[in-house]
2 protein chains.
Amino acid sequence: MDKQSIASEFRGLQDYICQYLEKIDGKSTFQEDTWERSEGGGGRTRTIAHGGIIEKGGVAFSEVFGPVNDVMKRQLGLDGKNFFATGVSIVLHPSNPHVPIIHMNVRYFELDTGECWFGGGIDLTPHYIVPTQAVQFHAGLKEICDRYDSSFYAKFKPWADEYFYIPHREETRGIGGIFFDHLKPNEQHTKEHLLNFCLDLGRSFPVLYEKQVVQGKDLPFTEEHLHWRNLRRGRYVEFNLVNDRGTKFGLLSGGRTESILMSLPSDASWEYCVDIKNGSNESTTLKLLIKGIDWTS
Amino acid sequence: MDKQSIASEFRGLQDYICQYLEKIDGKSTFQEDTWERSEGGGGRTRTIAHGGIIEKGGVAFSEVFGPVNDVMKRQLGLDGKNFFATGVSIVLHPSNPHVPIIHMNVRYFELDTGECWFGGGIDLTPHYIVPTQAVQFHAGLKEICDRYDSSFYAKFKPWADEYFYIPHREETRGIGGIFFDHLKPNEQHTKEHLLNFCLDLGRSFPVLYEKQVVQGKDLPFTEEHLHWRNLRRGRYVEFNLVNDRGTKFGLLSGGRTESILMSLPSDASWEYCVDIKNGSNESTTLKLLIKGIDWTS
């Protein structure tokens with residue numbers, strides 16, 4: 001299983017997910033931009049806007065390689081002279097406040113030292129948290145994890161709680177999901193096994209999201225719901241620009257800005273010291289934006 | 001001139017500016033929150049919203065002190081065991097796209113090693129750049145600088161070009177202004193002289209802004225102008241959350257989040273690869289978002 005084959009699998013995954021999402025959306029289609037990286041490699045960025053479900057979103061594939069530069073050494077602590085990285089990254093911002101924002105990423109990294117590893121994650125950010133839907137989402141993730149290693153979910157769920165956290169707000173971004181990094185082939189798991197885990201996660205992603213979409217897409221909403229949606233999107237922007245290591249690394253290392261920031265919503269709002277009524281749906285949601293909730297037991 | 005007197009002058013400056021801005025706005029008034037910092041000191045945050053001119057803005061005073069912590073050592077390279085810092089920070093987001101966003105900050109820092117310095121800056125971010133107004137703004141800043149040191153403007157203007165720059169967009173935030181830091185009392189300038197420079201800058205700030213406001217506030221605007229305004233606000237958010245050292249330091253060092261992020265607009269927008277028509281006002285503005293324009297000659 002060489003790196004080109006893995007990149008090719010990820011490219012196929014992007015195709016599969018885009019087709020599935022277009023079916024879910026029912027109205028808009030993805031537009032494609034291909035780009036090249038001067039130091040080596042490039043990508044295929046697909047974005048969607050003004051859809052039936054998705055107001056703004058993107059499914060990006062990239063396959064980049066070249067010398068390990070200073071930013072990579074400092075920020076990622078990389079050994080080796082040359083690297084190869086490929087992955088698929090997704091963020092979808094729906095228009096209906098009752099449909100959650102979703103993010104998915106799978107990636108593969110290889111150094112000329114021979115080291116290689118997989119990373120990735122999925123997390124869900126409902127504007128309004130519905131506990132039964134959070135349970136479904138986490139149960140779905142656990143089921144996928146369990147097919148590859150019965151210890152994965154127990155390790156990757158708290159990792160997502162830590163990763164998708166906004167310290168300056170003392171809030172998690174949403175209800176979390178799973179996150180993993182530096183997953184290396186070993187006696188227990190072959191490279192193929194880990195790749196299959198990533199591909200399975202990627203192919204399950206639109207299925208899991210569809211379940212969330214159908215439960216929210218026809219619910220009516222008011223101006224107040226939209227305002228709250230935009231405030232929550234504001235938090236999403238804060239996380240991505242202040243805390244997300246992937247975004248920061250991409251921007252600092254001279255990645256393609258438009259592809260990296262396709263994760264931002266079409267509109268976001270901020271208000272000084274938002275007044276949240278006790279017992280409101282907004283207040284209930286905020287109380288659930290904490291680490292350590294066990295949604296699967 | 002001890003540190004308490006400087007803080008007291010800055011507190012008075014906040015009063016002066018808020019009164020002046022309420023007069024300019026003509027509709028809304030500032031709401032005040034006072035807060036305490038557990039390690040020492042606190043602040044007086046004043047915010048305004050839904051005004052006649054200002055859609056969202058804040059004028060914050062703070063006076064904080066205590067032990068130099070790890071973040072300060074690492075990020076600011078501070079010597080000394082204890083610090084004292086006081087300052088006034090302002091960001092105003094107007095509703096009319098033809099009125100520019102403005103930012104102003106003056107601050108004083110002191111260490112128990114005996115070292116002390118002033119810092120600050122003003123910069124203007126028009127949604128649509130009007131060269132005659134950019135010239136007025138820079139001429140006004142140069143005039144204030146020249147009253148204190150004929151070399152200040154020539155030093156502080158390019159410093160602002162460097163500071164208020166968004167590398168991942170290859171754009172300046174707006175038309176710049178002045179920026180300075182580590183301005184220490186010496187044979188040439190007493191502490192009083194430097195304080196007076198900062199206070200003069202602060203008192204001139206609403207006067208300079210009023211000149212900008214009157215030229216834009218009655219200009220009609222369309223939905224397209226508002227959309228462009230929100231896209232420009234998106235860039236403002238990117239600068240503040242990704243690049244602004246003050247914001248990053250504040251959030252990392254456990255500052256009061258709501259006071260730090262009062263700089264964000266009520267609404268901001270993002271669009272993948274915005275299509276800008278050649279020869280449009282939007283295109284003219286983008287072409288002027290570069291370093292090194294000499295607006296005063």
# chains A, B, ... in the order shown; residues from 1 in each chain; ligands from 1
$ residues_around --residues "Tyr163 in chain A" --least-positions-apart "3" --cutoff "12 Å" --atoms "only C-alpha atoms" --output "number ranges by chain"
A: 120-123, 156-160, 166-167, 171-181, 239-240, 243-246, 291
$ residues_around --residues "Pro100 in chain B" --least-positions-apart "2" --cutoff "8 Å" --atoms "only C-alpha atoms" --output "list in words"
His93, Pro94, Pro97, His98, Ile102, Leu124, Thr125, Pro126, His127, Tyr128, Gln212 and Val213 of chain B
$ select_by_dssp --residues "range 91-242 of chain A" --states "strand (DSSP E)" --output "JSON, numbers by chain"
{"A": [91, 92, 93, 94, 101, 102, 103, 104, 105, 106, 107, 108, 109, 110, 111, 116, 117, 118, 119, 120, 121, 122, 123, 124, 125, 165, 166, 171, 172, 176, 177, 178, 179, 180, 181, 182, 183]}
$ write_last_selection --atoms "C-alpha atoms" --output "mmCIF file, in the first residue's frame"
data_model
loop_
_atom_site.group_PDB
_atom_site.id
_atom_site.type_symbol
_atom_site.label_atom_id
_atom_site.label_comp_id
_atom_site.auth_asym_id
_atom_site.auth_seq_id
_atom_site.Cartn_x
_atom_site.Cartn_y
_atom_site.Cartn_z
ATOM 1 C CA VAL A 91 -17.134 21.454 6.768
ATOM 2 C CA LEU A 92 -20.832 22.004 6.057
ATOM 3 C CA HIS A 93 -22.899 24.942 7.309
ATOM 4 C CA PRO A 94 -26.610 24.283 6.842
ATOM 5 C CA ILE A 101 -22.866 22.052 11.381
ATOM 6 C CA ILE A 102 -20.597 19.076 10.660
ATOM 7 C CA HIS A 103 -16.881 18.575 10.137
ATOM 8 C CA MET A 104 -14.918 15.540 8.965
ATOM 9 C CA ASN A 105 -11.265 14.995 8.175
ATOM 10 C CA VAL A 106 -9.108 11.989 7.329
ATOM 11 C CA ARG A 107 -5.450 12.309 6.497
ATOM 12 C CA TYR A 108 -2.282 10.324 5.909
ATOM 13 C CA PHE A 109 1.250 11.557 6.573
ATOM 14 C CA GLU A 110 4.561 10.029 5.566
ATOM 15 C CA LEU A 111 8.175 11.080 6.102
ATOM 16 C CA CYS A 116 3.892 7.153 8.570
ATOM 17 C CA TRP A 117 0.578 7.682 10.304
ATOM 18 C CA PHE A 118 -3.130 8.399 9.886
ATOM 19 C CA GLY A 119 -5.185 11.100 11.555
ATOM 20 C CA GLY A 120 -8.700 12.374 11.400
ATOM 21 C CA GLY A 121 -11.925 13.117 13.140
ATOM 22 C CA ILE A 122 -15.599 13.907 12.885
ATOM 23 C CA ASP A 123 -17.487 16.297 15.096
ATOM 24 C CA LEU A 124 -20.995 17.692 15.164
ATOM 25 C CA THR A 125 -21.955 21.247 16.130
ATOM 26 C CA TYR A 165 -12.606 22.947 22.876
ATOM 27 C CA ILE A 166 -12.588 26.763 23.000
ATOM 28 C CA GLU A 171 -17.096 25.732 25.840
ATOM 29 C CA THR A 172 -16.727 22.727 23.582
ATOM 30 C CA GLY A 176 -17.787 16.452 19.836
ATOM 31 C CA GLY A 177 -17.286 13.143 18.111
ATOM 32 C CA ILE A 178 -13.962 11.415 17.592
ATOM 33 C CA PHE A 179 -10.457 12.717 16.937
ATOM 34 C CA PHE A 180 -7.207 10.805 16.423
ATOM 35 C CA ASP A 181 -3.686 11.507 15.266
ATOM 36 C CA HIS A 182 -0.368 9.677 14.837
ATOM 37 C CA LEU A 183 -2.179 6.390 14.352
#
$ interface_residues --of "chain A" --to "chain B" --cutoff "7 Å" --atoms "only C-alpha atoms" --output "PDB file with N, CA and C atoms, in the first residue's frame"
ATOM      1  N   HIS A 168     -11.006  30.033  25.651  1.00  0.00           N
ATOM      2  CA  HIS A 168     -11.396  31.386  26.058  1.00  0.00           C
ATOM      3  C   HIS A 168     -12.907  31.532  26.250  1.00  0.00           C
ATOM      4  N   LEU A 241     -10.254  29.908  13.821  1.00  0.00           N
ATOM      5  CA  LEU A 241      -9.170  30.872  13.626  1.00  0.00           C
ATOM      6  C   LEU A 241      -8.223  30.976  14.820  1.00  0.00           C
ATOM      7  N   VAL A 242      -8.736  30.729  16.023  1.00  0.00           N
ATOM      8  CA  VAL A 242      -7.878  30.874  17.211  1.00  0.00           C
ATOM      9  C   VAL A 242      -7.289  29.538  17.650  1.00  0.00           C
ATOM     10  N   LEU A 251      -2.461  28.145   7.441  1.00  0.00           N
ATOM     11  CA  LEU A 251      -2.263  29.560   7.120  1.00  0.00           C
ATOM     12  C   LEU A 251      -0.803  29.969   7.282  1.00  0.00           C
ATOM     13  N   THR A 257      -5.167  29.679   1.022  1.00  0.00           N
ATOM     14  CA  THR A 257      -6.077  30.319   1.974  1.00  0.00           C
ATOM     15  C   THR A 257      -7.547  30.008   1.680  1.00  0.00           C
ATOM     16  N   GLU A 258      -7.960  30.128   0.428  1.00  0.00           N
ATOM     17  CA  GLU A 258      -9.382  29.919   0.118  1.00  0.00           C
ATOM     18  C   GLU A 258      -9.824  28.484   0.426  1.00  0.00           C
ATOM     19  N   MET A 262     -12.464  27.715   3.622  1.00  0.00           N
ATOM     20  CA  MET A 262     -13.793  27.302   3.153  1.00  0.00           C
ATOM     21  C   MET A 262     -14.607  26.768   4.341  1.00  0.00           C
ATOM     22  N   LEU A 264     -15.284  28.432   6.942  1.00  0.00           N
ATOM     23  CA  LEU A 264     -16.016  29.520   7.599  1.00  0.00           C
ATOM     24  C   LEU A 264     -17.426  29.651   7.019  1.00  0.00           C
ATOM     25  N   PRO A 265     -18.366  30.079   7.850  1.00  0.00           N
ATOM     26  CA  PRO A 265     -19.765  30.169   7.419  1.00  0.00           C
ATOM     27  C   PRO A 265     -20.008  31.393   6.534  1.00  0.00           C
ATOM     28  N   SER A 266     -21.137  31.421   5.830  1.00  0.00           N
ATOM     29  CA  SER A 266     -21.437  32.598   5.006  1.00  0.00           C
ATOM     30  C   SER A 266     -21.716  33.810   5.883  1.00  0.00           C
ATOM     31  N   ASP A 267     -22.343  33.613   7.020  1.00  0.00           N
ATOM     32  CA  ASP A 267     -22.590  34.728   7.945  1.00  0.00           C
ATOM     33  C   ASP A 267     -22.367  34.280   9.370  1.00  0.00           C
ATOM     34  N   ALA A 268     -21.777  35.167  10.164  1.00  0.00           N
ATOM     35  CA  ALA A 268     -21.597  34.888  11.590  1.00  0.00           C
ATOM     36  C   ALA A 268     -21.833  36.177  12.354  1.00  0.00           C
ATOM     37  N   SER A 269     -22.269  36.049  13.600  1.00  0.00           N
ATOM     38  CA  SER A 269     -22.568  37.246  14.394  1.00  0.00           C
ATOM     39  C   SER A 269     -21.876  37.219  15.744  1.00  0.00           C
ATOM     40  N   TRP A 270     -21.648  38.413  16.258  1.00  0.00           N
ATOM     41  CA  TRP A 270     -21.141  38.580  17.611  1.00  0.00           C
ATOM     42  C   TRP A 270     -21.965  39.639  18.328  1.00  0.00           C
ATOM     43  N   GLU A 271     -22.119  39.433  19.621  1.00  0.00           N
ATOM     44  CA  GLU A 271     -22.866  40.366  20.446  1.00  0.00           C
ATOM     45  C   GLU A 271     -22.120  40.398  21.769  1.00  0.00           C
ATOM     46  N   TYR A 272     -22.009  41.576  22.360  1.00  0.00           N
ATOM     47  CA  TYR A 272     -21.314  41.678  23.642  1.00  0.00           C
ATOM     48  C   TYR A 272     -22.190  41.077  24.738  1.00  0.00           C
ATOM     49  N   CYS A 273     -21.630  40.134  25.513  1.00  0.00           N
ATOM     50  CA  CYS A 273     -22.335  39.529  26.651  1.00  0.00           C
ATOM     51  C   CYS A 273     -23.792  39.170  26.354  1.00  0.00           C
TER      52      CYS A 273
END
$ residues_around --residues "Cys145 in chain B" --least-positions-apart "5" --cutoff "9 Å" --atoms "only C-alpha atoms" --output "PyMOL selection string"
chain B and resi 140+150-153+156+197+201
$ write_last_selection --atoms "C-alpha atoms" --output "tab-separated table (two decimals), in the first residue's frame"
chain	number	residue	atom	x	y	z
B	140	GLY	CA	-4.20	64.38	10.86
B	150	SER	CA	9.27	65.16	13.85
B	151	SER	CA	10.54	61.62	13.32
B	152	PHE	CA	7.51	59.83	14.86
B	153	TYR	CA	5.21	59.71	11.82
B	156	PHE	CA	5.17	54.81	13.11
B	197	PHE	CA	1.59	62.20	23.05
B	201	LEU	CA	-3.63	60.89	20.16
$ atom_distance --atom1 "CA of Phe164 in chain B" --atom2 "CA of Asp294 in chain B"
15.7 Å
$ residues_around --residues "Lys27 in chain B" --least-positions-apart "5" --cutoff "8 Å" --atoms "only C-alpha atoms" --output "PyMOL selection string"
chain B and resi 22+51-52
$ write_last_selection --atoms "N, CA, C and O atoms" --output "CSV table (one decimal), in the first residue's frame"
chain,number,residue,atom,x,y,z
B,22,GLU,N,-20.6,59.5,21.7
B,22,GLU,CA,-22.1,59.6,21.9
B,22,GLU,C,-22.7,60.7,21.1
B,22,GLU,O,-23.8,60.7,20.6
B,51,GLY,N,-26.5,51.9,17.3
B,51,GLY,CA,-26.5,53.4,17.3
B,51,GLY,C,-26.9,54.0,16.0
B,51,GLY,O,-27.3,53.3,15.0
B,52,GLY,N,-26.9,55.3,15.9
B,52,GLY,CA,-27.3,56.0,14.7
B,52,GLY,C,-26.2,55.9,13.7
B,52,GLY,O,-26.4,55.8,12.5
